[in-house]
Structure formats: C-alpha cells, structure tokens
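A.B. asks: Starting off with a structure, shown below.
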Amino acid sequence: MGHWTAKADPTKDFFIDMITRDIGLDECIFDLLDNSIDGASRHAQAQGRDDLTGYFADVLLSETNFEIKDNCGGMSLNDAKEYAFHFGRRADAPKDAENSIGLYGIGMKRAIFKIGKLIKIRSATDSAPDEAFETEIDVSAWAAKKEWEFELNQIDPAGLVGTEIAVSDLRKGTASDFSDQIFITKLRKDIGKYYSFFLQNGFRIKINGVSVTQYIYGVRDSDIISPYVHEYQDAEAGVSVRIVSGVAGVPPEDAGDPASLSKDSEVWGWYVICNDRVVLAGDKTDKTIWGDSFPAWHPQYNGFVGLIFFSSDKPGELPWTTTKRQIDETLPVFRRATVFMRDATRKYLDYTNVRKANLDKAKAYESSAAIKPISEIRAKAPEAAPMRLPVFESAPKIKMGTVSYTQPVALLNKVAQSFGNIQMSYKQIGQKTFEYYVENEVGE
C-alpha cells in the first residue's frame, strides 16, 4: 500500500528521547485511551448519538507485552498517512470531534515509543473497509535508517471497526511496572477517576480483563447543607464553564490528629475538568486558588471538594497542557474562573472555624445530608447559587485557652482503652483527661 515520509529532526534517537522523557507510563496509557474515546465520540456523532454506550477499550499489560484494542471507529487510510504518523500537529489536520480530548497529534507516537520497541498497529473503519491497514515498526531498525518512513499494508478487516495496538520487546522500566500488581491496581483506580464522566456516558474500559469502576464525584445536599453551583459562558474564549463545590466528606474533629488528617487526604481540594477529562485532581496548591491572596490549603479544610468544568468544541481554548495531567493556570479563561472558584470555597473555610464550637450539632447536620452525584446537580438560575451550610446561634464569648501535651502513643492508646474507645482521637483523649481532672480534683 506504499509508504510516506514524515519530516522531523534528523536524529531519531534524540527525537524519541525528547518526546518520551517527561511522560509516565500511566500517561502513555491515558494518551491511547484519549485516542479511543475521541474515535468513539466521532463515530457516535456521525450516527447522531451523544452517548458512548457500546464503545470500549480493552488494555492488557504484562512483563512481555502491551495491547490496547477498541471498537471506536478506526482510522481512515488518509488520516493514518497524513496525520496519525506525522510527528507533530499539522496545521491542516482535520477538525477534532466536538468536545475532543485528543488535541495533540504527538500523543500516540510518544506513548508507543515509551512502552516498547516492537510495535504492530491495525485499524479499519466501517466507511472504507477496503482501506483497512496494518503497520509494523521495529523502533531500533527504524531509528538506524535515514528515511522517516512507515509502510502501511492492506489487510482484510475481518469485522474490525477500530484500532488494535500491540507492543512487545518492552523497555526495562516498562516491563517492571507492567508486571507489578500495585501499578495495575493504581492504574485501574486512576482511570476510574480521570475518565469518570466518559464511563458515566457509557464507555467501557477493561484492564487485564477487569472492568474499571467509575469514581462517583459528589457533594452533600439537604435542606441545610447544599453546594455552590454556577454555570456561565466565557464569551471571550468561547468556553462553557460549570462550577460545583461543597461538603463531600466530614471535616476533621482534630486538626492536630495525624490519623484524622491523613484519611482520604488525596480526595479533597479542587478538580479541573476539560471536555469531561479530569486534568487536575484534588489540587491543594496555588495552581488553582490556594495561597496568593487566598488562604493556603490547611488540613482543617479536609472534606471540601470543588469541581470546575471547561467545555468547548475548540480544545485549544481549554486550560490544559499536552500531558492532560496539568493545567495552564496562566490562560485568561482560567484566571477569570478563579474569581468564582474563590467564592465557591470561602464559605466552607469559614464554616470549619465555627464548626469547632458546635461540633455535635455540625456532625448531626452533616451526617443527615446525603451525597448527591455531581451529574445530578445543576444551576437553577443564571446567577451563582451560594453554598448553604449550618448556622449556629452565637454563644456568650468566653475567653479560651489551649492546653496541649505530648505523650507516647502506646500510653495514649492505653488511656483511650480505659475510656472504652480505642478509636478516640488525641484531642478527645486530652479533652476527656482534662474533664476527669476538673471533675475529681477541681469540682464546680
């Protein structure tokens, strides 16, 4: 079926190192999943559908091989020759599907080059089955050649409508990670989080035969506790923005108790989502709003979750980077959004302060508010709906002081056991021992 030349830096080894140096193996797999999901979106749109039910990507990992297979529409021969294997994003590349997440043309190449050295790609479309093709790449042999050529061979599609990629002769670090069950378990969990909204829309992903479970984002919602919600159009960028924030967990009782503060700590913070792809998860840094004229994140704020969705049929207007694991916080569309993000956060921070003096009532209100999925929460008016939180009656002000002391953990555990509750926090132990002394030694 012929071959073609893709123009790039003449030193191939340098080129391969350059495009793979700063990408992790999990990001390689995410790049390939992005391609599958974009293919599914294009195929569904051509059929007049806006859901992804029936589309899938199956990933197999081992110490010797990597495979990803999908049924997401496949690549046309022209797109394969002119764009998919072209190094970089050509100016005349075809328009991405609406709300695309695969903006950057280099994604597939850097992913497969990072994973291994022997690569086989097969693809076919239902619109032109006679153009089904495969290509085999021996990276070491290809790097030794002067020409930048890949040969595409015509194949019988045999029912294939999608893309299959197989990689062997894995790089040393790749083989080690792909045989590590901890890596695979974390990968499955991260995919459930970063691709949550595609899984919700019907797309299915399997890792080594096990379906990925969607991570459900949600906040508490009741008559007393409800989230901040705001939806608006950023006219300058042509981007739709949606913000939801609120109480997702229970704030810690003791801001000095390590056990309390470490629980689910990676979950809390701000999430940035571009075209339904989670880009930044649980951020607690100045990449979003923390610090820089706004309070820096403090473990006292555990339990807070904020999500900001940016959507556009022009992916280049969205505040993400090529890895899709970081944001470009300098873009005006994001800077304008931080004004609302601060508003969506401030009331929760204030609540964690007054909550301390009304702990029992606050816990009762919080536990009675059910977690509601983000997908079910929508703005009811053009204006932002403020976060609603419990309001407590002001008690007479009493001058207060702080008592603290440090003791061996083993001894503290014995004290907790003597009180009949081995799960007591250190703060509770201190409070109970102080109350015991006042009752028995000081009296009224």
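Residue names in the structure tokens use chain letters A, B, ... in the order shown, residue numbers from 1 in each chain, and ligand numbers from 1 in the order shown.
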Looking only at strand (DSSP E) from DSSP on the backbone, list the matching residues of stretch 44-277 of chain A as a ChimeraX atom specification.
C.D. replies: /A:56-61,65-70,116-124,133-138,149-151,153-154,162-170,204-207,210-211,218-221,228-234,239-247,269-274,277
A.B. asks: Dump C-alpha atoms for the selected residues as a PDB file, in the first residue's frame?
C.D. replies:
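Just written: result_35.pdb:
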```pdb
ATOM      1  CA  PHE A  56     -14.936   0.035  24.655  1.00  0.00           C
ATOM      2  CA  ALA A  57     -11.174  -0.082  25.055  1.00  0.00           C
ATOM      3  CA  ASP A  58      -9.515  -3.207  26.450  1.00  0.00           C
ATOM      4  CA  VAL A  59      -5.970  -2.933  27.795  1.00  0.00           C
ATOM      5  CA  LEU A  60      -3.699  -5.892  28.520  1.00  0.00           C
ATOM      6  CA  LEU A  61      -0.447  -5.467  30.452  1.00  0.00           C
ATOM      7  CA  ASN A  65       3.552  -7.379  26.107  1.00  0.00           C
ATOM      8  CA  PHE A  66       1.167  -4.443  25.937  1.00  0.00           C
ATOM      9  CA  GLU A  67      -2.072  -4.373  23.958  1.00  0.00           C
ATOM     10  CA  ILE A  68      -4.956  -1.975  23.567  1.00  0.00           C
ATOM     11  CA  LYS A  69      -7.958  -2.846  21.417  1.00  0.00           C
ATOM     12  CA  ASP A  70     -11.004  -0.697  20.781  1.00  0.00           C
ATOM     13  CA  GLY A 116       8.476  -0.731  23.804  1.00  0.00           C
ATOM     14  CA  LYS A 117      10.453  -1.314  20.629  1.00  0.00           C
ATOM     15  CA  LEU A 118       8.379  -3.729  18.518  1.00  0.00           C
ATOM     16  CA  ILE A 119       5.026  -2.247  17.540  1.00  0.00           C
ATOM     17  CA  LYS A 120       2.128  -3.508  15.473  1.00  0.00           C
ATOM     18  CA  ILE A 121      -0.898  -1.345  14.670  1.00  0.00           C
ATOM     19  CA  ARG A 122      -4.048  -2.491  12.853  1.00  0.00           C
ATOM     20  CA  SER A 123      -7.023  -0.260  12.069  1.00  0.00           C
ATOM     21  CA  ALA A 124     -10.179  -0.315   9.992  1.00  0.00           C
ATOM     22  CA  PHE A 133      -4.295  -1.441   7.135  1.00  0.00           C
ATOM     23  CA  GLU A 134      -1.577  -2.563   9.464  1.00  0.00           C
ATOM     24  CA  THR A 135       1.956  -1.376  10.108  1.00  0.00           C
ATOM     25  CA  GLU A 136       4.817  -2.999  11.989  1.00  0.00           C
ATOM     26  CA  ILE A 137       7.565  -0.865  13.490  1.00  0.00           C
ATOM     27  CA  ASP A 138      10.908  -2.138  14.782  1.00  0.00           C
ATOM     28  CA  GLU A 149       9.070   6.170   6.593  1.00  0.00           C
ATOM     29  CA  PHE A 150       6.483   3.703   7.816  1.00  0.00           C
ATOM     30  CA  GLU A 151       4.926   1.180   5.446  1.00  0.00           C
ATOM     31  CA  ASN A 153      -0.032  -2.819   4.356  1.00  0.00           C
ATOM     32  CA  GLN A 154      -3.591  -3.529   3.278  1.00  0.00           C
ATOM     33  CA  GLY A 162     -11.497   0.157  15.451  1.00  0.00           C
ATOM     34  CA  THR A 163      -7.821   0.096  16.279  1.00  0.00           C
ATOM     35  CA  GLU A 164      -5.530  -2.537  17.769  1.00  0.00           C
ATOM     36  CA  ILE A 165      -2.054  -1.714  19.057  1.00  0.00           C
ATOM     37  CA  ALA A 166       0.360  -4.399  20.264  1.00  0.00           C
ATOM     38  CA  VAL A 167       3.799  -3.627  21.702  1.00  0.00           C
ATOM     39  CA  SER A 168       6.498  -6.157  22.623  1.00  0.00           C
ATOM     40  CA  ASP A 169      10.199  -6.012  23.449  1.00  0.00           C
ATOM     41  CA  LEU A 170       9.195  -3.708  26.303  1.00  0.00           C
ATOM     42  CA  ARG A 204     -16.278   0.802  28.969  1.00  0.00           C
ATOM     43  CA  ILE A 205     -12.607   0.244  29.866  1.00  0.00           C
ATOM     44  CA  LYS A 206     -11.032  -3.016  30.985  1.00  0.00           C
ATOM     45  CA  ILE A 207      -7.551  -3.535  32.394  1.00  0.00           C
ATOM     46  CA  VAL A 210     -11.301  -6.393  34.810  1.00  0.00           C
ATOM     47  CA  SER A 211     -13.748  -3.540  34.158  1.00  0.00           C
ATOM     48  CA  GLY A 218     -20.494  14.034  44.705  1.00  0.00           C
ATOM     49  CA  VAL A 219     -21.254  16.579  47.442  1.00  0.00           C
ATOM     50  CA  ARG A 220     -23.708  16.610  50.352  1.00  0.00           C
ATOM     51  CA  ASP A 221     -27.105  18.063  49.636  1.00  0.00           C
ATOM     52  CA  TYR A 228     -22.309  26.184  45.418  1.00  0.00           C
ATOM     53  CA  VAL A 229     -23.414  25.913  41.769  1.00  0.00           C
ATOM     54  CA  HIS A 230     -22.651  28.272  38.902  1.00  0.00           C
ATOM     55  CA  GLU A 231     -22.770  27.865  35.120  1.00  0.00           C
ATOM     56  CA  TYR A 232     -21.755  30.544  32.625  1.00  0.00           C
ATOM     57  CA  GLN A 233     -20.333  31.195  29.168  1.00  0.00           C
ATOM     58  CA  ASP A 234     -16.891  32.734  28.883  1.00  0.00           C
ATOM     59  CA  VAL A 239     -15.858  28.156  26.594  1.00  0.00           C
ATOM     60  CA  SER A 240     -18.697  26.872  28.779  1.00  0.00           C
ATOM     61  CA  VAL A 241     -17.823  26.820  32.482  1.00  0.00           C
ATOM     62  CA  ARG A 242     -19.584  24.957  35.265  1.00  0.00           C
ATOM     63  CA  ILE A 243     -18.585  25.053  38.948  1.00  0.00           C
ATOM     64  CA  VAL A 244     -19.853  22.844  41.778  1.00  0.00           C
ATOM     65  CA  SER A 245     -18.342  22.828  45.270  1.00  0.00           C
ATOM     66  CA  GLY A 246     -19.353  21.802  48.740  1.00  0.00           C
ATOM     67  CA  VAL A 247     -19.103  19.369  51.619  1.00  0.00           C
ATOM     68  CA  GLY A 269      -9.391  20.009  47.041  1.00  0.00           C
ATOM     69  CA  TRP A 270     -10.134  21.376  43.577  1.00  0.00           C
ATOM     70  CA  TYR A 271     -10.654  19.333  40.401  1.00  0.00           C
ATOM     71  CA  VAL A 272     -10.226  20.810  36.907  1.00  0.00           C
ATOM     72  CA  ILE A 273     -12.077  19.012  34.109  1.00  0.00           C
ATOM     73  CA  CYS A 274     -11.648  19.817  30.393  1.00  0.00           C
ATOM     74  CA  ARG A 277     -11.485  14.677  31.085  1.00  0.00           C
TER      75      ARG A 277
END
```
A.B. asks: As a list of chain:residue names, please: the residues near A:Thr288 (cut-off 8 Å, only C-alpha atoms, same-chain neighbours under 2 positions excluded).
C.D. replies: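 Counting only C-alpha atoms, the residues come to A:Trp270, A:Asp283, A:Lys284, A:Thr285, A:Asp286, A:Trp290, A:Glu329, A:Thr338.
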A.B. asks: Which residues, written as a CSV table (one decimal) with N, CA and C atoms, in the first residue's frame, have at least one atom at most 10 Å from A:Asn413, with only C-alpha atoms counted and residues fewer than 2 positions away on the same chain left out?
C.D. replies:
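So result-v4.csv came out as:
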```
chain,number,residue,atom,x,y,z
A,408,PRO,N,3.8,9.4,74.9
A,408,PRO,CA,4.0,8.3,74.0
A,408,PRO,C,2.7,7.7,73.5
A,409,VAL,N,2.7,7.3,72.2
A,409,VAL,CA,1.4,6.8,71.6
A,409,VAL,C,0.9,5.6,72.3
A,410,ALA,N,1.8,4.7,72.8
A,410,ALA,CA,1.4,3.5,73.5
A,410,ALA,C,0.6,3.9,74.7
A,411,LEU,N,1.1,4.9,75.5
A,411,LEU,CA,0.4,5.3,76.7
A,411,LEU,C,-1.0,6.0,76.3
A,415,VAL,N,-4.8,4.9,77.6
A,415,VAL,CA,-5.8,5.8,78.1
A,415,VAL,C,-7.1,5.7,77.4
A,416,ALA,N,-7.0,5.7,76.0
A,416,ALA,CA,-8.2,5.5,75.2
A,416,ALA,C,-8.9,4.2,75.5
A,417,GLN,N,-8.2,3.2,75.7
A,417,GLN,CA,-8.8,1.9,76.0
A,417,GLN,C,-9.5,1.9,77.4
A,418,SER,N,-8.9,2.7,78.3
A,418,SER,CA,-9.5,2.8,79.6
A,418,SER,C,-10.8,3.5,79.6
A,419,PHE,N,-10.9,4.4,78.6
A,419,PHE,CA,-12.2,5.2,78.4
A,419,PHE,C,-13.2,4.3,77.6
A,421,ASN,N,-12.9,3.4,74.4
A,421,ASN,CA,-13.0,3.7,73.0
A,421,ASN,C,-11.6,3.9,72.4
A,422,ILE,N,-11.1,2.8,71.8
A,422,ILE,CA,-9.7,2.8,71.3
A,422,ILE,C,-9.6,3.6,70.1
A,423,GLN,N,-10.7,4.1,69.5
A,423,GLN,CA,-10.7,4.9,68.3
A,423,GLN,C,-10.6,6.4,68.6
A,424,MET,N,-10.6,6.8,69.9
A,424,MET,CA,-10.5,8.2,70.3
A,424,MET,C,-9.4,8.9,69.6
A,425,SER,N,-9.6,10.1,69.2
A,425,SER,CA,-8.5,11.0,68.7
A,425,SER,C,-7.7,11.5,69.8
A,426,TYR,N,-6.5,12.0,69.5
A,426,TYR,CA,-5.7,12.6,70.6
A,426,TYR,C,-6.3,13.8,71.3
A,429,ILE,N,-8.8,12.5,73.7
A,429,ILE,CA,-8.1,12.0,74.9
A,429,ILE,C,-7.8,13.1,75.8
```
A.B. asks: When DSSP is applied to the backbone of this structure, which of stretch 122-209 of chain A are assigned helix (DSSP H, G or I)? Write them out as a PyMOL selection string.
C.D. replies: chain A and resi 129-131+139-144+172-178+181-194+196-200
A.B. asks: Could you please determine the separation between atom CA of A:Ser176 and atom CA of A:Phe113 in Å, to one decimal place?
C.D. replies: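 Between atom CA of A:Ser176 and atom CA of A:Phe113 the gap works out to 16.3 Å.
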A.B. asks: So that I can see what lies close to A:Val403, please list as number ranges by chain the residues with an atom at most 12 Å from it, counting only C-alpha atoms and leaving out residues fewer than 6 positions away in the same chain.
C.D. replies: A: 427, 429-431, 433-435
A.B. asks: Restricting it to N, CA and C atoms, dump the selection as a tab-separated table (two decimals), in the first residue's frame.
C.D. replies:
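Below is the file that was written, selection19.tsv:
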```tsv
chain	number	residue	atom	x	y	z
A	427	LYS	N	-7.02	14.53	70.45
A	427	LYS	CA	-7.72	15.68	71.01
A	427	LYS	C	-8.80	15.23	72.00
A	429	ILE	N	-8.81	12.46	73.71
A	429	ILE	CA	-8.14	11.95	74.91
A	429	ILE	C	-7.77	13.10	75.83
A	430	GLY	N	-7.19	14.17	75.22
A	430	GLY	CA	-6.82	15.34	76.02
A	430	GLY	C	-8.03	15.97	76.69
A	431	GLN	N	-9.13	16.09	75.93
A	431	GLN	CA	-10.34	16.70	76.48
A	431	GLN	C	-10.89	15.86	77.63
A	433	THR	N	-9.35	13.60	79.56
A	433	THR	CA	-8.48	13.58	80.76
A	433	THR	C	-8.56	14.90	81.50
A	434	PHE	N	-8.70	16.01	80.78
A	434	PHE	CA	-8.85	17.31	81.43
A	434	PHE	C	-10.18	17.37	82.19
A	435	GLU	N	-11.26	16.90	81.54
A	435	GLU	CA	-12.56	16.89	82.20
A	435	GLU	C	-12.53	16.01	83.45
```
A.B. asks: For A:Asn78, which residue out of A:Asn201, A:Thr352, A:Thr125, A:Ser226 is the nearest one, using only C-alpha atoms?
C.D. replies: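 Selected residue with least distance to A:Asn78: A:Thr125.
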A.B. asks: By how many Å are atom CA of A:Ser311 and atom CA of A:Ala369 apart?
C.D. replies: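 We find that atom CA of A:Ser311 and atom CA of A:Ala369 lie 29.7 Å from each other.
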A.B. asks: Would you kindly return, as a count of residues only, each protein, DNA or RNA residue with an atom no farther than 12 Å from any atom of stretch 297-304 of chain A, considering only C-alpha atoms and excluding same-chain residues fewer than 4 positions away?
C.D. replies: 60
